[in-house]
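Enquirer: See structure.txt below, with compact mmCIF, C-alpha atoms.
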# COMPACT_ATOMS: atom_id res chain seq x y z
CA MET F 188 0.00 0.00 0.00
CA PRO F 189 2.31 2.78 -1.18
CA LEU F 190 1.55 6.18 0.33
CA SER F 191 2.88 9.58 -0.64
CA ARG F 192 4.84 11.98 1.55
CA PRO F 193 2.91 12.69 4.78
CA ALA F 194 1.16 15.98 5.43
CA ARG F 195 0.11 15.49 9.07
CA LEU F 196 1.38 13.97 12.32
CA LEU F 197 -0.84 12.54 15.06
CA THR F 198 0.39 11.65 18.53
CA VAL F 199 -1.47 10.18 21.49
CA SER F 200 0.32 10.27 24.84
CA GLY F 201 -1.01 9.00 28.16
CA LEU F 202 -4.27 10.80 28.89
CA ALA F 203 -3.73 13.32 26.12
CA LEU F 204 -4.10 13.24 22.37
CA LEU F 205 -1.93 15.68 20.46
CA LEU F 206 -2.53 16.40 16.80
CA VAL F 207 0.25 18.33 15.08
CA THR F 208 -0.19 19.46 11.51
CA GLY F 209 2.68 19.81 9.09
CA GLY F 210 3.10 21.96 6.02
CA CYS F 211 0.89 24.72 7.43
CA SER F 212 0.75 28.17 5.95
CA GLY F 213 2.99 30.69 7.60
CA GLY F 214 0.22 32.98 8.80
CA SER F 215 1.04 36.56 9.71
CA ALA F 216 2.32 38.50 12.68
CA ASP F 217 -0.96 40.42 12.94
CA ALA F 218 -3.85 39.05 15.00
CA PRO F 219 -6.74 37.80 12.81
CA PRO F 220 -10.16 39.46 13.00
CA GLU F 221 -12.80 37.87 15.22
CA ARG F 222 -14.65 35.07 13.45
CA ASP F 223 -17.28 32.55 14.43
CA ILE F 224 -15.61 29.76 16.44
CA SER F 225 -17.63 26.92 14.93
CA ALA F 226 -17.00 28.19 11.40
CA ARG F 227 -13.26 28.28 12.05
CA LEU F 228 -13.28 24.67 13.28
CA GLU F 229 -15.29 23.61 10.24
CA SER F 230 -12.69 25.29 8.04
CA ALA F 231 -9.87 23.59 9.95
CA ARG F 232 -11.54 20.20 9.48
CA SER F 233 -11.84 20.77 5.75
CA ARG F 234 -8.15 21.61 5.49
CA LEU F 235 -7.21 18.48 7.44
CA ASP F 236 -9.51 16.27 5.37
CA ASP F 237 -7.97 17.66 2.18
CA ALA F 238 -4.52 16.30 3.14
CA ALA F 239 -3.52 13.58 0.67
CA SER F 240 -1.66 11.50 3.27
CA LEU F 241 -0.67 11.57 6.91
CA LYS F 242 2.12 10.52 9.25
CA ILE F 243 0.56 9.07 12.39
CA ARG F 244 2.11 8.19 15.74
CA LEU F 245 0.24 7.12 18.87
CA VAL F 246 1.87 6.50 22.26
CA SER F 247 0.26 5.38 25.53
CA ASP F 248 2.28 6.01 28.70
CA ASP F 249 2.11 4.22 32.06
CA LEU F 250 -0.46 1.56 31.27
CA PRO F 251 -1.61 -0.11 34.52
CA ASP F 252 -0.26 -3.59 35.24
CA GLY F 253 -2.37 -6.27 33.62
CA THR F 254 -3.82 -3.89 31.04
CA VAL F 255 -4.27 -5.14 27.49
CA GLY F 256 -3.88 -2.25 25.10
CA LEU F 257 -1.91 -0.11 22.71
CA VAL F 258 1.61 1.00 23.62
CA GLU F 259 2.59 2.64 20.34
CA ALA F 260 1.65 2.86 16.67
CA ASP F 261 3.82 4.54 14.06
CA GLY F 262 3.17 4.65 10.34
CA PHE F 263 1.57 6.33 7.35
CA GLY F 264 -2.05 6.65 6.35
CA ASN F 265 -4.64 8.34 4.18
CA HIS F 266 -8.37 9.01 4.12
CA ASP F 267 -9.41 5.78 2.36
CA PRO F 268 -8.99 5.18 5.37
CA ALA F 269 -5.75 3.20 5.28
CA PHE F 270 -2.73 2.70 7.54
CA GLU F 271 0.61 0.93 7.18
CA GLY F 272 3.17 0.80 9.97
CA VAL F 273 4.36 -0.84 13.18
CA VAL F 274 2.11 -1.31 16.22
CA THR F 275 3.23 -2.29 19.72
CA ILE F 276 0.71 -3.81 22.13
CA VAL F 277 0.94 -5.20 25.65
CA GLY F 278 -1.13 -8.16 26.82
CA ALA F 279 -1.47 -10.37 29.87
CA GLY F 280 1.29 -12.97 29.76
CA LEU F 281 2.61 -11.64 26.45
CA GLY F 282 4.60 -8.59 27.45
CA GLN F 283 5.11 -6.11 24.63
CA VAL F 284 4.67 -7.39 21.10
CA ASP F 285 5.62 -5.52 17.92
CA ALA F 286 3.65 -6.19 14.75
CA ASP F 287 3.67 -4.89 11.19
CA VAL F 288 0.10 -3.75 10.54
CA VAL F 289 -1.83 -2.93 7.39
CA SER F 290 -5.38 -1.61 7.71
CA VAL F 291 -7.63 -0.66 4.80
CA LYS F 292 -11.29 0.31 5.21
CA GLY F 293 -11.80 -1.73 8.37
CA ASP F 294 -9.83 -4.82 7.33
CA VAL F 295 -6.84 -5.07 9.67
CA GLU F 296 -4.00 -7.56 9.19
CA ALA F 297 -0.84 -8.00 11.27
CA LYS F 298 2.47 -9.84 10.96
CA VAL F 299 4.35 -10.58 14.18
CA GLY F 300 8.11 -11.11 14.39
CA PHE F 301 9.47 -13.52 11.81
CA VAL F 302 6.05 -14.93 10.87
CA PRO F 303 6.10 -14.80 7.05
CA ARG F 304 2.50 -13.78 6.44
CA PHE F 305 -0.15 -11.29 7.54
CA THR F 306 -3.23 -12.59 9.37
CA PRO F 307 -6.54 -10.82 10.15
CA VAL F 308 -6.87 -9.26 13.63
CA ASP F 309 -9.55 -7.36 15.54
CA PRO F 310 -7.94 -4.32 17.26
CA ALA F 311 -10.83 -4.17 19.75
CA ASP F 312 -9.70 -7.51 21.19
CA LEU F 313 -6.42 -5.81 22.08
CA GLY F 314 -7.96 -2.65 23.53
CA ALA F 315 -6.51 -0.68 20.63
CA PRO F 316 -8.05 1.55 17.95
CA ASP F 317 -7.96 0.70 14.28
CA PRO F 318 -5.22 3.15 13.17
CA ALA F 319 -6.89 3.68 9.81
CA ALA F 320 -10.20 4.63 11.44
CA LEU F 321 -8.50 7.61 13.09
CA LEU F 322 -7.82 9.00 9.62
CA SER F 323 -11.32 8.66 8.19
CA ALA F 324 -12.59 11.94 6.76
CA ASP F 325 -16.12 10.94 7.82
CA ASN F 326 -15.74 9.72 11.40
CA GLY F 327 -12.03 10.07 12.22
CA VAL F 328 -10.19 12.50 14.45
CA SER F 329 -10.96 15.42 12.12
CA SER F 330 -14.67 14.95 12.90
CA TRP F 331 -13.92 15.87 16.52
CA LEU F 332 -13.35 19.45 15.36
CA THR F 333 -17.02 19.77 14.46
CA GLN F 334 -18.39 17.67 17.36
CA SER F 335 -16.80 19.74 20.12
CA ASP F 336 -19.13 21.90 22.22
CA GLN F 337 -18.85 24.42 25.07
CA LEU F 338 -16.50 26.35 22.79
CA THR F 339 -14.59 29.39 24.02
CA VAL F 340 -11.64 31.36 22.67
CA GLY F 341 -8.52 31.23 24.82
CA GLU F 342 -5.37 33.32 24.77
CA ASP F 343 -3.36 33.72 21.58
CA SER F 344 0.12 32.21 21.41
CA ARG F 345 3.00 32.36 18.97
CA ASP F 346 4.90 29.77 17.00
CA GLY F 347 7.74 31.81 15.58
CA GLU F 348 6.13 34.72 13.74
CA THR F 349 2.76 32.96 13.49
CA ILE F 350 -0.05 33.94 15.87
CA LEU F 351 -2.17 30.97 16.93
CA THR F 352 -5.69 31.20 18.32
CA SER F 353 -6.61 28.70 21.05
CA ILE F 354 -10.15 27.30 20.98
CA ARG F 355 -11.23 25.32 24.04
CA GLY F 356 -14.15 22.93 24.27
CA GLU F 357 -15.41 19.52 25.30
CA LEU F 358 -15.99 16.21 23.54
CA PRO F 359 -18.47 13.61 24.82
CA GLY F 360 -16.77 10.41 25.93
CA ALA F 361 -19.08 8.39 23.68
CA VAL F 362 -17.65 10.24 20.66
CA VAL F 363 -14.06 9.63 21.73
CA GLN F 364 -14.74 5.96 22.50
CA GLN F 365 -15.85 5.36 18.91
CA LEU F 366 -12.20 5.76 17.94
CA ILE F 367 -10.32 5.02 21.18
CA PRO F 368 -11.97 1.96 22.76
CA THR F 369 -10.34 2.51 26.16
CA ALA F 370 -11.90 5.99 26.53
CA ASP F 371 -14.53 6.40 29.26
CA GLU F 372 -17.81 6.92 27.39
CA THR F 373 -19.41 8.60 30.42
CA ALA F 374 -16.72 11.29 30.73
CA ALA F 375 -16.34 14.68 29.09
CA PHE F 376 -12.96 15.17 27.42
CA ASP F 377 -11.32 18.60 27.43
CA VAL F 378 -9.93 19.76 24.11
CA VAL F 379 -7.77 22.68 23.01
CA TYR F 380 -7.28 23.40 19.31
CA ARG F 381 -4.74 25.94 18.03
CA LEU F 382 -5.40 27.49 14.63
CA ASP F 383 -3.40 29.95 12.57
CA ASP F 384 -5.08 32.92 10.91
CA ASP F 385 -5.84 30.80 7.81
CA ASP F 386 -7.71 28.29 10.02
CA ALA F 387 -5.04 25.63 9.52
CA LEU F 388 -4.92 23.38 12.58
CA ARG F 389 -1.45 23.67 14.11
CA ASP F 390 -2.09 21.27 17.01
CA ALA F 391 -4.77 19.91 19.32
CA ALA F 392 -4.65 18.45 22.82
CA ILE F 393 -7.44 16.20 24.11
CA THR F 394 -7.30 15.05 27.72
CA GLY F 395 -9.45 12.71 29.76
CA PRO F 396 -9.73 9.15 31.09
CA PHE F 397 -8.43 6.99 28.23
How would this structure read if it were set down as C-alpha cells?

Expert:
Amino acid sequence: MPLSRPARLLTVSGLALLLVTGGCSGGSADAPPERDISARLESARSRLDDAASLKIRLVSDDLPDGTVGLVEADGFGNHDPAFEGVVTIVGAGLGQVDADVVSVKGDVEAKVGFVPRFTPVDPADLGAPDPAALLSADNGVSSWLTQSDQLTVGEDSRDGETILTSIRGELPGAVVQQLIPTADETAAFDVVYRLDDDDALRDAAITGPF
C-alpha cells in the first residue's frame, strides 16, 4: 500500500491526544479578525480532510499492570482510510509485542516477528483503535473538530512569527470511545485546538480518562 509523503502527524500520549499538523501556511504576525468559532473549526476540518496523506504516531504512557492495550503505533495513512506501519501492544502474559500492521477500510492484518504472512486481527480484542479509522474523513479525528461543544476562545500564542488562536471545548466520551476503545464513554474530554489565521490546525490536545 504505497503512500505519498505525509502531510500530518498525530500523537497520542497517556491521557492526552496531540494532533500536530505539518506543512501549514505561515500565517502573519498580525492578530486575525474575530470570526465565528464553529466556522473556524469547520474550516480547519476541511483543510485536514484535504490532506492527501498523513504521518501518524500514537503512544500510551504508564499503562496499569495487567492492562491489554496499545503501547505505540507509528506509520503512514490516508483518508481511504488506510494505515501501514508498526504497532506495539501489551497483553497479559505476552509482554510487549511488535507487529507490522496494514489496515484498509476496516480490514486489519498484522504480521508478528518472523512470521512470514499477515493474518486478520480485531484491534478491539487488544484494547486498541484501528489506526486507519482515526484517519477517516467521515468519522475520524478530524470529525472531533465539528463535534466539540462548550466552545470558548482562549489566549493567543506564537509559533515563531505565526499567531495561533486557542479554541477550548469539550468532547463527549461516547464520541471519543468510537475511535479510542479505552476511553470512558461517560466522561467529558477537554480539548484545546490551536489554529493559525488561515484556520489551519497547528495542534490539538485532548485530555481525559483513556

Enquirer: Between atom CA of Thr369 of chain F and atom CA of Pro316 of chain F, what distance in Å does the model show, to one decimal?

Expert: 8.6 Å

Enquirer: May I ask for the distance between atom CA of Asp390 of chain F and atom CA of Gln364 of chain F, given in Å to one decimal place?

Expert: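 Distance reported for this atom pair: 20.6 Å.
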
Enquirer: Would you write out, as CSV, a table of all residues in segment 300-387 of chain F that have an atom no more than 8 Å from an atom of segment 233-243 of chain F, listing for each the closest atom pair and the distance in Å to one decimal, considering only C-alpha atoms and ordering rows by chain and rising residue number?

Expert:
residue,atom,partner,partner_atom,distance
F:Ala324,CA,F:Asp236,CA,5.5
F:Ser329,CA,F:Leu235,CA,6.7
F:Ala387,CA,F:Arg234,CA,6.5

Enquirer: Suppose you want the space between atom CA of Leu322 of chain F and atom CA of Gly272 of chain F; what is it in Å?

Expert: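 Computing it gives 13.7 Å between the two atoms.
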
Enquirer: Against segment 228-231 of chain F, which residues of segment 255-364 of chain F fall within 10 Å? For each one I want the closest pair of atoms and the distance in Å (one decimal), counting all atoms listed in the file, rows by chain and increasing residue number, as a Markdown table.

Expert:
| residue | atom | partner | partner_atom | distance |
| --- | --- | --- | --- | --- |
| F:Ser329 | CA | F:Ala231 | CA | 8.5 |
| F:Ser330 | CA | F:Glu229 | CA | 9.1 |
| F:Trp331 | CA | F:Leu228 | CA | 9.4 |
| F:Leu332 | CA | F:Leu228 | CA | 5.6 |
| F:Thr333 | CA | F:Glu229 | CA | 6.0 |
| F:Gln334 | CA | F:Leu228 | CA | 9.6 |
| F:Ser335 | CA | F:Leu228 | CA | 9.1 |
| F:Ile354 | CA | F:Leu228 | CA | 8.7 |

Enquirer: Could you check the closest approach to Leu382 of chain F for each of F:Val295, F:Val363, F:Ile224, F:Val328 and tell me which residue wins, using all atoms listed in the file?

Expert: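 For Leu382 of chain F, the nearest of the candidates is F:Ile224.
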
Enquirer: Pick from F:Asp386, F:Asp312, F:Asp294, F:Asp346: nearest to Glu271 of chain F, with only C-alpha atoms counted?

Expert: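 Closest residue, counting only C-alpha atoms: F:Asp294.
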
Enquirer: My list of candidates is F:Leu366, F:Val289, F:Ala311, F:Ala375. Which is closest to Phe270 of chain F when distances are computed with only C-alpha atoms?

Expert: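 Under the stated criterion, the closest residue is F:Val289.
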
Enquirer: Could you check which of F:Ile367, F:Val362, F:Val379, F:Leu338 is closest to Leu313 of chain F, using only C-alpha atoms?

Expert: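 Answer, going by the shortest atom-to-atom distance: F:Ile367.
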
Enquirer: For Pro359 of chain F, which residue among F:Gly256, F:Arg381, F:Asn326, F:Thr373 is the nearest when counting only C-alpha atoms?

Expert: F:Thr373
